[in-house]
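**Q** Here you go, start-v5.txt (compact mmCIF, C-alpha atoms):
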```
# COMPACT_ATOMS: atom_id res chain seq x y z
CA MET Y 14 9.99 6.68 21.50
CA THR Y 15 6.67 5.06 20.56
CA ARG Y 16 5.95 3.71 17.14
CA HIS Y 17 3.08 5.11 15.14
CA ARG Y 18 0.21 2.62 15.02
CA ARG Y 19 -1.92 2.21 11.96
CA PRO Y 20 -5.35 3.61 12.79
CA PHE Y 21 -7.53 0.97 11.13
CA GLY Y 22 -5.69 -2.26 11.93
CA LEU Y 23 -5.35 -3.37 8.32
CA ARG Y 24 -2.08 -5.15 9.03
CA ASP Y 25 -3.89 -8.35 10.08
CA ARG Y 26 -6.21 -8.00 7.09
CA ARG Y 27 -3.41 -8.49 4.56
CA LEU Y 28 -2.38 -11.62 2.76
CA ARG Y 29 1.19 -12.53 3.58
CA GLY Y 30 3.59 -14.85 1.85
CA ALA Y 31 3.70 -16.60 -1.47
CA GLU Y 32 1.59 -19.54 -0.30
CA ALA Y 33 -1.36 -17.29 0.63
CA PHE Y 34 -1.24 -15.56 -2.77
CA SER Y 35 -0.83 -18.89 -4.58
CA ALA Y 36 -3.88 -20.34 -2.83
CA VAL Y 37 -6.01 -17.45 -4.09
CA PHE Y 38 -4.63 -17.76 -7.63
CA ARG Y 39 -5.15 -21.54 -7.62
CA PHE Y 40 -8.83 -21.11 -6.73
CA ARG Y 41 -9.17 -19.56 -10.21
CA ARG Y 42 -12.06 -17.20 -9.55
CA VAL Y 43 -11.40 -13.80 -11.14
CA LEU Y 44 -13.48 -10.69 -11.65
CA ARG Y 45 -12.00 -8.63 -14.45
CA GLY Y 46 -12.01 -4.87 -14.91
CA ASP Y 47 -10.20 -2.49 -17.24
CA CYS Y 48 -7.54 -1.46 -14.73
CA VAL Y 49 -7.72 -4.16 -12.04
CA ASP Y 50 -8.40 -7.89 -11.84
CA LEU Y 51 -9.75 -9.19 -8.53
CA HIS Y 52 -8.91 -12.79 -7.60
CA LEU Y 53 -11.15 -14.34 -4.93
CA ARG Y 54 -11.16 -17.28 -2.56
CA PRO Y 55 -13.18 -17.99 0.60
CA ASN Y 56 -10.94 -18.03 3.67
CA GLY Y 57 -13.15 -19.46 6.43
CA LEU Y 58 -12.49 -16.43 8.65
CA ASP Y 59 -14.88 -13.76 9.88
CA HIS Y 60 -12.98 -11.02 8.05
CA ALA Y 61 -11.59 -10.37 4.58
CA ARG Y 62 -7.89 -10.24 3.73
CA LEU Y 63 -6.34 -8.27 0.88
CA GLY Y 64 -3.22 -8.82 -1.20
CA LEU Y 65 -1.97 -6.36 -3.81
CA VAL Y 66 0.01 -6.97 -6.98
CA VAL Y 67 1.14 -3.72 -8.60
CA PRO Y 68 3.85 -4.55 -11.14
CA ARG Y 69 6.43 -2.11 -12.41
CA ARG Y 70 5.38 -3.09 -15.90
CA ALA Y 71 1.92 -1.57 -15.30
CA LEU Y 72 3.08 1.48 -13.33
CA ALA Y 73 6.66 2.44 -14.04
CA LEU Y 74 7.06 5.09 -11.34
CA ALA Y 75 7.30 4.01 -7.71
CA VAL Y 76 5.28 7.07 -6.68
CA ARG Y 77 2.36 5.89 -8.85
CA ARG Y 78 2.64 2.29 -7.59
CA ASN Y 79 2.58 3.43 -3.96
CA ARG Y 80 -0.35 5.77 -4.55
CA CYS Y 81 -2.26 3.02 -6.33
CA LYS Y 82 -1.71 0.68 -3.36
CA ARG Y 83 -2.87 3.35 -0.92
CA LEU Y 84 -6.04 3.95 -2.93
CA LEU Y 85 -6.82 0.22 -3.16
CA ARG Y 86 -6.25 -0.28 0.58
CA GLU Y 87 -8.53 2.65 1.37
CA VAL Y 88 -11.37 1.31 -0.82
CA PHE Y 89 -10.89 -2.10 0.81
CA ARG Y 90 -10.98 -0.55 4.29
CA LEU Y 91 -14.29 1.15 3.52
CA ASN Y 92 -15.84 -2.03 2.05
CA GLN Y 93 -14.21 -4.82 4.06
CA GLN Y 94 -17.39 -5.74 5.96
CA ASP Y 95 -19.15 -6.42 2.65
CA VAL Y 96 -16.60 -9.04 1.60
CA ALA Y 97 -16.00 -10.70 4.98
CA GLY Y 98 -14.84 -14.29 4.70
CA LEU Y 99 -12.92 -13.82 1.44
CA ASP Y 100 -9.26 -13.61 0.52
CA LEU Y 101 -8.81 -11.06 -2.26
CA VAL Y 102 -5.86 -10.30 -4.49
CA ALA Y 103 -6.10 -7.13 -6.57
CA ARG Y 104 -3.81 -7.22 -9.61
CA VAL Y 105 -3.32 -3.88 -11.35
CA LYS Y 106 -3.12 -4.22 -15.13
CA LYS Y 107 -2.58 -0.66 -16.27
CA ASP Y 108 -2.40 2.92 -15.08
CA CYS Y 109 -5.64 4.85 -14.86
CA ALA Y 110 -6.99 7.94 -13.11
CA ASP Y 111 -7.45 7.73 -9.34
CA ASP Y 112 -11.23 8.21 -9.50
CA ARG Y 113 -11.59 5.52 -12.12
CA LEU Y 114 -9.41 3.12 -10.10
CA ARG Y 115 -11.48 3.74 -6.94
CA ALA Y 116 -14.78 3.28 -8.75
CA GLU Y 117 -13.68 0.13 -10.56
CA PHE Y 118 -12.24 -1.54 -7.46
CA SER Y 119 -15.35 -0.64 -5.44
CA ARG Y 120 -17.54 -2.13 -8.18
CA LEU Y 121 -15.44 -5.30 -8.24
CA LEU Y 122 -15.77 -5.65 -4.46
CA GLN Y 123 -19.57 -5.36 -4.76
CA ARG Y 124 -19.56 -8.03 -7.48
CA ALA Y 125 -17.36 -10.23 -5.28
CA ARG Y 126 -19.86 -9.99 -2.45
CA ALA Y 127 -22.75 -10.90 -4.75
CA ASP Y 128 -20.82 -13.64 -6.53
CA MET Y 129 -19.16 -15.41 -3.61
CA THR Y 130 -21.34 -15.63 -0.53
CA PRO Y 131 -19.12 -17.57 1.88
CA ASP Y 132 -20.46 -20.79 3.33
CA PRO Y 133 -20.34 -20.66 7.15
CA ASN Y 134 -19.36 -24.35 7.16
CA PHE Y 135 -16.41 -23.82 4.80
CA ARG Y 136 -13.06 -25.33 5.77
CA ALA Y 137 -10.00 -23.84 4.11
CA ASP Y 138 -8.80 -27.27 2.93
CA SER Y 139 -12.13 -28.26 1.33
CA SER Y 140 -13.22 -27.58 -2.21
CA TRP Y 141 -15.84 -24.87 -2.63
CA THR Y 142 -17.47 -23.52 -5.74
CA PRO Y 143 -18.86 -20.03 -6.32
CA ASN Y 144 -22.59 -19.40 -6.41
CA ALA Y 145 -24.12 -19.92 -9.82
```
What would you get if you wrote out this structure as structure tokens?
**A**
Amino acid sequence: MTRHRRPFGLRDRRLRGAEAFSAVFRFRRVLRGDCVDLHLRPNGLDHARLGLVVPRRALALAVRRNRCKRLLREVFRLNQQDVAGLDLVARVKKDCADDRLRAEFSRLLQRARADMTPDPNFRADSSWTPNA
């Protein structure tokens, strides 16, 4: 029996572990929206990585939380080339319609690209400040 493979290879584009999430939160660069906050940090890689925080407090039903995560991953998949070189953590703040969530997250990704152009000489252990 063969396992089903994910078609777009997003598994290696995810943030894993508490330390990876903490590093993004410590960088303290946040783009705020009504439904989602997007935390950013350059990662020194040639691709973007995504972490998701969808608390039960914001979306009580597991079905809604899972759907929200699927929608955010899909928007990321479609826009990942635009934010290459960044670690992103999307934190959902409240429930909103699917179309609104997609549009807001897409807009935040565009702002992230404009706001944080990664330096090709960046080392993950160095300090780096966003473009002014």
**Q** Tell me, in Å to one decimal, how far atom CA of Arg115 of chain Y is from atom CA of Gln94 of chain Y.
**A**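 Result for atom CA of Arg115 of chain Y versus atom CA of Gln94 of chain Y: 17.1 Å, one decimal.
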**Q** Which residues are near segment 56-67 of chain Y? Cut-off 10 Å, all atoms listed in the file, ignore same chain within fewer than 4 positions. Put them as an MDAnalysis selection string.
**A** chainID Y and resid 23:30 33:34 36:37 49:52 71:73 75 77:79 81:82 85:86 89:90 92:108 131:138
**Q** What does the structure give for the distance between atom CA of Ala31 of chain Y and atom CA of Asp111 of chain Y, in Å to one decimal?
**A** 27.9 Å
**Q** Rounded to one decimal in Å, what is the spacing between atom CA of Val88 of chain Y and atom CA of Phe38 of chain Y?
**A**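 Distance reported for this atom pair: 21.3 Å.
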**Q** My list of candidates is Y:Leu114, Y:Phe40, Y:Gln123, Y:Leu91. Which is closest to Leu53 of chain Y when distances are computed with all atoms listed in the file?
**A**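 The answer is Y:Phe40, which sits nearest to Leu53 of chain Y.
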**Q** Counting only C-alpha atoms, figure out which residue out of Y:Glu117, Y:Asp128, Y:Glu87, Y:Asp112 gets nearest to Val43 of chain Y.
**A** Y:Asp128
